[in-house]
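Participant: Handing over entry-v2.cif, mmCIF, C-alpha atoms.
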data_data
#
loop_
_atom_site.label_atom_id
_atom_site.label_comp_id
_atom_site.auth_asym_id
_atom_site.auth_seq_id
_atom_site.Cartn_x
_atom_site.Cartn_y
_atom_site.Cartn_z
CA MET O 254 182.00 117.73 189.14
CA ASN O 255 181.62 114.44 190.96
CA SER O 256 181.08 111.21 189.11
CA GLN O 257 177.42 110.92 190.12
CA ILE O 258 176.50 114.29 188.58
CA LYS O 259 178.48 113.44 185.44
CA GLN O 260 176.61 110.15 185.16
CA SER O 261 173.21 111.88 185.50
CA LEU O 262 174.07 114.43 182.83
CA TYR O 263 175.24 111.66 180.53
CA ILE O 264 171.93 109.83 180.96
CA LEU O 265 169.87 112.99 180.22
CA LEU O 266 171.96 113.74 177.14
CA SER O 267 171.44 110.21 175.90
CA ILE O 268 167.67 110.52 176.33
CA TRP O 269 167.57 113.82 174.40
CA ILE O 270 169.58 112.33 171.55
CA ALA O 271 167.28 109.32 171.43
CA ILE O 272 164.20 111.51 171.33
CA GLY O 273 165.70 113.58 168.52
CA LEU O 274 166.55 110.52 166.53
CA VAL O 275 163.03 109.16 166.93
CA GLY O 276 161.55 112.51 165.86
CA CYS O 277 163.77 112.67 162.81
CA SER O 278 162.97 109.10 161.98
CA LYS O 279 159.23 109.76 162.34
CA GLY O 280 159.49 112.94 160.27
CA LYS O 281 161.28 111.08 157.52
CA SER O 282 158.77 108.26 157.80
CA ASP O 283 155.82 110.67 157.55
CA GLU O 284 157.52 112.39 154.63
CA ASN O 285 158.10 109.07 152.94
CA ILE O 286 154.45 108.11 153.44
CA ALA O 287 153.27 111.46 152.10
CA ASN O 288 155.56 111.15 149.11
CA LYS O 289 154.40 107.60 148.56
CA GLU O 290 150.73 108.70 148.69
CA LEU O 291 151.48 111.57 146.34
CA ARG O 292 153.19 109.21 143.95
CA SER O 293 150.23 106.83 144.17
CA GLU O 294 147.87 109.69 143.27
CA LYS O 295 149.91 110.92 140.35
CA PRO O 296 149.28 107.92 138.07
CA GLY O 297 145.49 108.32 138.53
CA ALA O 298 145.61 112.01 137.71
CA ALA O 299 147.87 111.37 134.76
CA GLU O 300 145.59 108.58 133.62
CA ALA O 301 142.58 110.92 133.79
CA VAL O 302 144.40 113.57 131.77
CA GLU O 303 145.51 110.96 129.27
CA LYS O 304 141.98 109.56 129.05
CA SER O 305 140.53 113.04 128.47
CA ALA O 306 143.09 113.74 125.78
CA ASP O 307 142.34 110.41 124.10
CA GLN O 308 138.62 111.17 124.11
CA ASP O 309 139.19 114.63 122.66
CA ALA O 310 141.26 113.07 119.90
CA LEU O 311 138.53 110.50 119.34
CA ILE O 312 135.89 113.20 118.91
CA GLN O 313 138.10 115.09 116.46
CA LYS O 314 138.51 111.93 114.45
CA PHE O 315 134.78 111.28 114.63
CA ASN O 316 134.00 114.78 113.37
CA THR O 317 136.29 114.14 110.42
CA VAL O 318 134.43 110.91 109.67
CA VAL O 319 131.06 112.69 109.84
CA SER O 320 132.15 115.56 107.62
CA SER O 321 133.32 113.19 104.92
CA ALA O 322 130.66 110.48 105.31
CA LYS O 323 128.81 109.52 102.14
CA GLU O 324 126.69 106.88 103.86
CA ALA O 325 125.40 106.33 107.38
CA SER O 326 127.39 103.10 107.39
CA ASP O 327 130.60 105.18 107.55
CA ILE O 328 129.47 106.66 110.87
CA VAL O 329 127.97 103.46 112.25
CA SER O 330 131.21 101.60 111.58
CA PHE O 331 133.14 104.20 113.57
CA LEU O 332 130.65 104.02 116.45
CA ASN O 333 130.82 100.25 116.59
CA GLU O 334 134.60 100.35 116.87
CA ASN O 335 134.98 103.28 119.27
CA MET O 336 131.87 103.73 121.41
CA ASN O 337 133.48 101.96 124.38
CA LYS O 338 136.28 104.55 124.46
CA ALA O 339 134.17 107.69 124.18
CA GLY O 340 132.75 108.41 127.64
CA GLN O 341 129.05 109.08 128.18
CA ASN O 342 128.87 112.72 127.07
CA ASN O 343 130.85 112.02 123.92
CA ALA O 344 128.84 108.86 123.24
CA ASP O 345 125.61 110.88 123.43
CA GLN O 346 127.09 113.49 121.11
CA MET O 347 128.16 110.91 118.54
CA VAL O 348 124.75 109.21 118.43
CA ARG O 349 123.04 112.57 118.02
CA GLU O 350 125.38 113.37 115.13
CA LEU O 351 124.30 110.10 113.56
CA TYR O 352 120.66 111.22 113.88
CA THR O 353 121.52 114.53 112.26
CA PHE O 354 123.01 112.61 109.35
CA TYR O 355 119.86 110.48 109.09
CA SER O 356 117.68 113.59 108.97
CA LYS O 357 119.62 114.85 105.95
CA ASP O 358 120.12 111.49 104.27
CA LEU O 359 116.77 109.71 104.70
CA GLU O 360 114.98 111.30 101.73
CA ARG O 361 117.95 110.64 99.42
CA SER O 362 118.15 107.04 100.58
CA GLN O 363 114.44 106.48 100.04
CA GLN O 364 114.51 107.99 96.57
CA ALA O 365 117.27 105.55 95.59
CA PHE O 366 114.78 102.70 96.06
CA PHE O 367 112.52 104.10 93.36
CA ALA O 368 115.19 104.01 90.68
CA ASP O 369 114.76 101.69 87.69
CA ASP O 370 113.98 98.05 88.54
CA VAL O 371 114.68 98.39 92.29
CA GLN O 372 111.06 97.91 93.33
CA LYS O 373 110.54 95.07 90.87
CA VAL O 374 113.59 93.14 92.08
CA LEU O 375 112.88 93.69 95.79
CA THR O 376 109.19 92.79 95.64
CA GLU O 377 110.19 89.43 94.19
CA MET O 378 112.41 88.70 97.21
CA ASP O 379 111.34 86.80 100.31
CA TRP O 380 110.08 89.24 102.93
CA PRO O 381 111.41 90.71 105.15
CA ILE O 382 114.65 91.67 103.46
CA THR O 383 117.37 91.76 106.11
CA SER O 384 121.14 91.44 106.25
CA ALA O 385 120.59 87.67 106.44
CA ASN O 386 119.10 87.37 102.96
CA ALA O 387 120.25 90.56 101.24
CA ALA O 388 123.24 88.71 99.79
CA SER O 389 120.85 86.69 97.63
CA ILE O 390 119.60 89.74 95.71
CA PRO O 391 120.52 88.87 92.11
CA ASP O 392 121.28 92.37 90.82
CA ASP O 393 124.73 93.58 91.92
CA THR O 394 123.84 97.29 92.07
CA ILE O 395 120.60 96.73 93.95
CA ARG O 396 122.27 94.26 96.32
CA GLN O 397 124.98 96.81 97.14
CA LEU O 398 122.35 99.50 97.69
CA VAL O 399 120.43 97.34 100.15
CA VAL O 400 123.51 96.06 102.00
CA THR O 401 124.88 99.60 102.38
CA LYS O 402 121.63 100.93 103.81
CA LEU O 403 121.16 98.02 106.20
CA SER O 404 124.72 98.32 107.51
CA GLY O 405 124.08 102.02 108.08
CA GLY O 406 121.26 101.43 110.57
CA TYR O 407 118.34 101.53 108.17
CA LYS O 408 115.68 98.83 107.80
CA LEU O 409 113.38 98.15 104.87
CA VAL O 410 109.61 98.49 105.17
CA TRP O 411 106.87 97.57 102.73
CA VAL O 412 104.13 100.20 102.74
CA GLU O 413 101.30 100.53 100.22
CA GLY O 414 103.10 98.30 97.74
CA SER O 415 106.47 100.03 97.93
CA ILE O 416 109.70 99.03 99.67
CA TYR O 417 111.99 101.70 101.10
CA PRO O 418 114.29 102.32 104.08
CA ILE O 419 113.50 103.93 107.43
CA VAL O 420 115.81 104.46 110.40
CA ASP O 421 116.00 101.34 112.55
CA TYR O 422 116.34 102.89 116.00
CA SER O 423 116.54 99.49 117.65
CA SER O 424 119.98 99.11 116.07
CA GLN O 425 121.33 101.82 118.39
CA GLN O 426 120.25 99.93 121.49
CA ILE O 427 123.54 98.05 121.35
CA TYR O 428 125.12 101.28 122.65
CA SER O 429 122.86 101.47 125.72
CA THR O 430 125.70 100.79 128.18
CA TYR O 431 127.55 103.88 127.01
CA LEU O 432 124.66 106.36 126.73
CA SER O 433 122.83 108.58 129.21
CA LYS O 434 119.44 107.63 130.59
CA PRO O 435 117.55 110.35 128.65
CA LEU O 436 119.05 109.28 125.33
CA ASN O 437 118.44 105.60 126.08
CA SER O 438 114.80 106.40 126.86
CA TYR O 439 114.47 108.35 123.62
CA ILE O 440 115.96 105.48 121.62
CA ALA O 441 113.59 102.99 123.31
CA LEU O 442 110.63 105.18 122.36
CA LYS O 443 111.76 105.54 118.75
CA ALA O 444 112.70 101.86 118.52
CA ALA O 445 109.18 100.82 119.49
CA GLU O 446 107.85 102.88 116.58
CA SER O 447 110.43 101.78 114.02
CA SER O 448 110.04 98.11 115.00
CA GLU O 449 106.24 98.24 114.86
CA PRO O 450 104.68 101.49 113.64
CA ALA O 451 101.51 102.41 115.51
CA ALA O 452 99.67 103.17 112.29
CA MET O 453 99.99 102.56 108.55
CA ASP O 454 97.69 103.22 105.62
CA ALA O 455 95.54 105.56 107.77
CA GLY O 456 94.74 102.83 110.27
CA LEU O 457 96.08 101.42 113.53
CA VAL O 458 98.25 98.32 113.31
CA ILE O 459 98.57 97.95 117.08
CA SER O 460 95.83 97.55 119.69
CA TRP O 461 94.17 100.46 121.48
CA ASN O 462 95.82 99.36 124.72
CA GLU O 463 99.24 99.26 123.08
CA LEU O 464 98.57 102.72 121.67
CA SER O 465 97.82 104.00 125.17
CA ASN O 466 101.08 102.41 126.37
CA ARG O 467 103.00 104.23 123.63
CA ALA O 468 101.35 107.49 124.67
CA ILE O 469 102.30 106.96 128.32
CA MET O 470 105.84 106.02 127.30
CA ALA O 471 106.21 109.34 125.47
CA GLU O 472 104.50 111.24 128.28
CA THR O 473 106.87 109.70 130.83
CA PHE O 474 109.85 110.88 128.79
CA LEU O 475 108.46 114.42 128.80
CA ARG O 476 107.96 114.31 132.56
CA ASP O 477 111.35 112.82 133.39
CA PHE O 478 113.59 114.67 130.93
CA PRO O 479 112.28 118.21 130.38
CA ASP O 480 115.77 119.47 129.48
CA SER O 481 116.47 116.82 126.86
CA PRO O 482 117.38 118.06 123.37
CA GLU O 483 114.78 115.58 122.12
CA TYR O 484 111.97 117.07 124.24
CA GLN O 485 110.21 118.99 121.47
CA GLU O 486 110.29 116.05 119.08
CA VAL O 487 108.82 113.72 121.70
CA GLU O 488 106.18 116.29 122.67
CA ASP O 489 105.04 116.46 119.05
CA LEU O 490 105.08 112.66 118.84
CA TYR O 491 102.96 112.45 121.97
CA LEU O 492 100.44 115.20 121.22
CA ASP O 493 100.12 115.00 117.44
CA ARG O 494 100.44 111.27 116.91
CA TYR O 495 99.80 109.00 119.88
CA LEU O 496 97.31 111.09 121.84
CA SER O 497 95.59 112.33 118.71
CA MET O 498 95.06 108.81 117.41
CA TYR O 499 93.94 107.59 120.81
CA LEU O 500 91.28 110.24 121.32
CA LYS O 501 90.21 110.88 117.72
CA GLY O 502 90.92 107.62 115.91
CA LEU O 503 91.99 107.36 112.28
CA PRO O 504 90.04 107.21 108.99
CA ASN O 505 90.46 103.44 108.81
CA THR O 506 90.29 102.91 112.57
CA PRO O 507 87.57 105.20 113.95
CA ILE O 508 86.57 105.40 117.61
CA ALA O 509 82.86 105.17 116.75
CA ASN O 510 80.64 102.62 115.01
CA SER O 511 79.12 104.29 111.95
CA GLU O 512 76.02 102.10 112.19
CA ASN O 513 74.89 102.62 115.79
CA LEU O 514 76.80 105.93 116.10
CA LYS O 515 78.27 104.88 119.46
CA VAL O 516 81.80 104.50 120.72
CA ILE O 517 83.35 101.15 119.81
CA PRO O 518 83.37 98.94 122.93
CA GLU O 519 87.06 98.09 122.58
CA VAL O 520 87.93 101.79 122.50
CA LYS O 521 85.86 102.58 125.57
CA ALA O 522 87.31 99.59 127.41
CA SER O 523 90.79 100.94 126.76
CA TYR O 524 89.80 104.37 128.10
CA VAL O 525 88.38 102.79 131.25
CA LYS O 526 91.48 100.61 131.67
CA ILE O 527 93.93 103.47 131.47
CA THR O 528 91.98 105.66 133.88
CA LYS O 529 92.04 102.86 136.45
CA GLU O 530 95.63 101.72 135.98
CA ASN O 531 97.36 105.06 135.29
CA PRO O 532 95.05 107.70 136.75
CA ASP O 533 97.76 110.32 137.32
CA THR O 534 98.90 110.46 133.70
CA VAL O 535 97.84 113.15 131.26
CA THR O 536 96.72 110.43 128.85
CA ALA O 537 94.36 108.98 131.45
CA LYS O 538 93.01 112.38 132.44
CA MET O 539 92.19 113.16 128.81
CA ALA O 540 90.54 109.77 128.35
CA ASP O 541 88.52 110.39 131.50
CA ARG O 542 87.25 113.71 130.15
CA LEU O 543 86.06 111.95 127.01
CA LEU O 544 84.43 109.23 129.10
CA ASN O 545 82.50 111.89 131.01
CA ILE O 546 81.13 113.22 127.71
CA LEU O 547 80.17 109.70 126.66
CA ALA O 548 78.45 109.11 129.99
CA GLU O 549 76.20 112.10 129.28
CA SER O 550 75.50 111.01 125.69
CA ASN O 551 74.91 107.33 126.45
CA ASP O 552 78.09 106.50 124.49
CA VAL O 553 76.91 108.35 121.37
CA VAL O 554 79.80 109.85 119.38
CA LEU O 555 78.12 110.58 116.04
CA ILE O 556 74.81 112.10 115.10
CA GLN O 557 72.90 111.82 111.84
CA GLY O 558 72.34 115.18 110.19
CA PRO O 559 70.82 116.34 106.91
CA SER O 560 74.18 116.14 105.18
CA GLY O 561 75.27 112.88 106.77
CA LYS O 562 76.93 111.75 109.97
CA ARG O 563 78.98 114.15 112.04
CA LEU O 564 80.49 114.25 115.48
CA LEU O 565 78.36 115.01 118.50
CA PRO O 566 79.03 118.73 119.23
CA GLU O 567 80.49 117.96 122.67
CA VAL O 568 82.83 115.34 121.20
CA GLU O 569 83.76 117.65 118.34
CA GLN O 570 84.62 120.45 120.76
CA PHE O 571 86.69 118.08 122.89
CA GLN O 572 88.66 116.79 119.91
CA LYS O 573 89.19 120.31 118.63
CA ASN O 574 90.74 121.44 121.93
CA TYR O 575 92.42 118.23 123.07
CA ARG O 576 95.96 119.41 122.26
CA THR O 577 95.69 122.64 124.22
CA MET O 578 94.13 120.82 127.17
CA ALA O 579 96.75 118.07 127.17
CA LYS O 580 99.68 120.48 126.87
CA SER O 581 98.39 122.47 129.84
CA LEU O 582 98.43 119.27 131.89
CA LEU O 583 101.99 118.28 130.98
#
Show me the file's structure as structure tokens.

Facilitator:
Amino acid sequence: MNSQIKQSLYILLSIWIAIGLVGCSKGKSDENIANKELRSEKPGAAEAVEKSADQDALIQKFNTVVSSAKEASDIVSFLNENMNKAGQNNADQMVRELYTFYSKDLERSQQAFFADDVQKVLTEMDWPITSANAASIPDDTIRQLVVTKLSGGYKLVWVEGSIYPIVDYSSQQIYSTYLSKPLNSYIALKAAESSEPAAMDAGLVISWNELSNRAIMAETFLRDFPDSPEYQEVEDLYLDRYLSMYLKGLPNTPIANSENLKVIPEVKASYVKITKENPDTVTAKMADRLLNILAESNDVVLIQGPSGKRLLPEVEQFQKNYRTMAKSLL
């Protein structure tokens, strides 16, 4: 074989070797990159598993706290310390467990305020009684009772001459960052009521317009969160409290003037306002139906009969059937 042919073969062999080396190098490089990516993914996956395990352990610990809790403050203390570690689903679950505790504990807590001397001591205190001034309660036992209830998410109200605790739903709004939208909306609705009840002593303590706003707030919850565990409770609140009071009034806050037998102007103005500003709501549609009756009766709601005043038959029929009509519109 002459030298020229040998030289050509040597060049070709060199090229093949170079190509092979590049391929091997690229294969190893690709493998290294893949391994590097895999390694970079593994910490995230491990972190997720670790996080899930931590949350499961947290819930187990929470369940132990709930099962042994003597006071709501035991549960609230745990929530305050651990809510930021729970995850949204677990956070929702824990708050709902707190509400379950309240439902069982509320009557017992209220009865404790009617024990000997409690009412006497508390009615002599500056009102309202909050965590800021509870420390000044002179009686040790009563002071401890009040402090324990307040730290457990209760607040004290003074109704018909008596002081007792109710659930202060606004206290759970500090958890809003960790909770789902449905539960946050439920808490906002309940907080409005616990902060300023719509009615007390058989009469409204908020305006007719504010009452209509509460009704729409509850109605909006029902529309937006039909699968919420709180749906039935909010439906009852809407139909049997807010809408009932709005369309029928209360013994100490009627919708009609007993002297001229006509609808009170402020009430009618609220009906007109809601039908203009929120015409697509069930609350507005029900108010509009009542306005149509009033248009036919020249605003008369009551009639004078042999045995005294009574509702105009058309108004009476409307009020009798309002719940069925409203529920069909939801």

Participant: Can you list, as an mmCIF file with C-alpha atoms, in the coordinates of the input, the residues that the PyMOL selection byres ((chain O and resi 486) around 12) selects here?

Facilitator:
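Full text of expr.cif as output:
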data_model
loop_
_atom_site.group_PDB
_atom_site.id
_atom_site.type_symbol
_atom_site.label_atom_id
_atom_site.label_comp_id
_atom_site.auth_asym_id
_atom_site.auth_seq_id
_atom_site.Cartn_x
_atom_site.Cartn_y
_atom_site.Cartn_z
ATOM 1 C CA TYR O 439 114.470 108.350 123.620
ATOM 2 C CA LEU O 442 110.630 105.180 122.360
ATOM 3 C CA LYS O 443 111.760 105.540 118.750
ATOM 4 C CA ALA O 471 106.210 109.340 125.470
ATOM 5 C CA GLU O 472 104.500 111.240 128.280
ATOM 6 C CA PHE O 474 109.850 110.880 128.790
ATOM 7 C CA LEU O 475 108.460 114.420 128.800
ATOM 8 C CA PRO O 479 112.280 118.210 130.380
ATOM 9 C CA SER O 481 116.470 116.820 126.860
ATOM 10 C CA PRO O 482 117.380 118.060 123.370
ATOM 11 C CA GLU O 483 114.780 115.580 122.120
ATOM 12 C CA TYR O 484 111.970 117.070 124.240
ATOM 13 C CA GLN O 485 110.210 118.990 121.470
ATOM 14 C CA VAL O 487 108.820 113.720 121.700
ATOM 15 C CA GLU O 488 106.180 116.290 122.670
ATOM 16 C CA ASP O 489 105.040 116.460 119.050
ATOM 17 C CA LEU O 490 105.080 112.660 118.840
ATOM 18 C CA TYR O 491 102.960 112.450 121.970
ATOM 19 C CA LEU O 492 100.440 115.200 121.220
ATOM 20 C CA ASP O 493 100.120 115.000 117.440
ATOM 21 C CA ARG O 494 100.440 111.270 116.910
#

Participant: Going by the chain IDs and residue numbers used in this file, which residues fall under the PyMOL selection byres ((chain O and resi 542) around 12)? Write them as an MDAnalysis selection string.

Facilitator: chainID O and resid 500 524:525 528 532 535:541 543:549 567:568 570:572 574:575 578:579

Participant: Can you write out the residues you just picked, keeping C-alpha atoms, as a short mmCIF file (atom, residue, chain, number, x, y, z; two decimals), in the frame of the given file?

Facilitator:
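Below you can see selection-v6.cif, which holds the result:
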data_model
loop_
_atom_site.label_atom_id
_atom_site.label_comp_id
_atom_site.auth_asym_id
_atom_site.auth_seq_id
_atom_site.Cartn_x
_atom_site.Cartn_y
_atom_site.Cartn_z
CA LEU O 500 91.28 110.24 121.32
CA TYR O 524 89.80 104.37 128.10
CA VAL O 525 88.38 102.79 131.25
CA THR O 528 91.98 105.66 133.88
CA PRO O 532 95.05 107.70 136.75
CA VAL O 535 97.84 113.15 131.26
CA THR O 536 96.72 110.43 128.85
CA ALA O 537 94.36 108.98 131.45
CA LYS O 538 93.01 112.38 132.44
CA MET O 539 92.19 113.16 128.81
CA ALA O 540 90.54 109.77 128.35
CA ASP O 541 88.52 110.39 131.50
CA LEU O 543 86.06 111.95 127.01
CA LEU O 544 84.43 109.23 129.10
CA ASN O 545 82.50 111.89 131.01
CA ILE O 546 81.13 113.22 127.71
CA LEU O 547 80.17 109.70 126.66
CA ALA O 548 78.45 109.11 129.99
CA GLU O 549 76.20 112.10 129.28
CA GLU O 567 80.49 117.96 122.67
CA VAL O 568 82.83 115.34 121.20
CA GLN O 570 84.62 120.45 120.76
CA PHE O 571 86.69 118.08 122.89
CA GLN O 572 88.66 116.79 119.91
CA ASN O 574 90.74 121.44 121.93
CA TYR O 575 92.42 118.23 123.07
CA MET O 578 94.13 120.82 127.17
CA ALA O 579 96.75 118.07 127.17
#

Participant: Set the distance at 7 Å and use all atoms listed in the file: which residues neighbour O:Ser433 once local chain neighbours fewer than 3 positions away are removed? I'd like the list as a list in words.

Facilitator: Gln341, Asp345, Leu436 and Asn437 of chain O

Participant: Since I can't run it myself right now, could you work out what the PyMOL selection byres ((chain O and resi 324-326) around 12) selects here and report it as number ranges by chain?

Facilitator: O: 318-323, 327-333, 348, 350-359, 361-362, 398-407, 420-421

Participant: Using all atoms listed in the file, which residue out of O:Ala452, O:Leu496, O:Leu555, O:Ile382 lies closest to O:Lys408?

Facilitator: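 Distance minimum relative to O:Lys408 lands on O:Ile382.
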
Participant: Give me, please, the distance in Å between atom CA of O:Gly502 and atom CA of O:Lys526, quoted to one decimal.

Facilitator: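 We find that atom CA of O:Gly502 and atom CA of O:Lys526 lie 17.3 Å from each other.
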
Participant: Do you have the atom CA of O:Trp411-atom CA of O:Lys501 distance handy?

Facilitator: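 Going from atom CA of O:Trp411 over to atom CA of O:Lys501 covers 26.1 Å.
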
Participant: Could you check how far atom CA of O:Val410 sits from atom CA of O:Asn462, in Å to one decimal?

Facilitator: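 According to the coordinates, atom CA of O:Val410 and atom CA of O:Asn462 are separated by 23.9 Å.
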
Participant: Pick out the closest residue to O:Gln364 from this set: O:Ser389, O:Ser447, O:Ser415, O:Asn513. Count all atoms listed in the file.

Facilitator: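 Ranked by minimum distance to O:Gln364, first place goes to O:Ser415.
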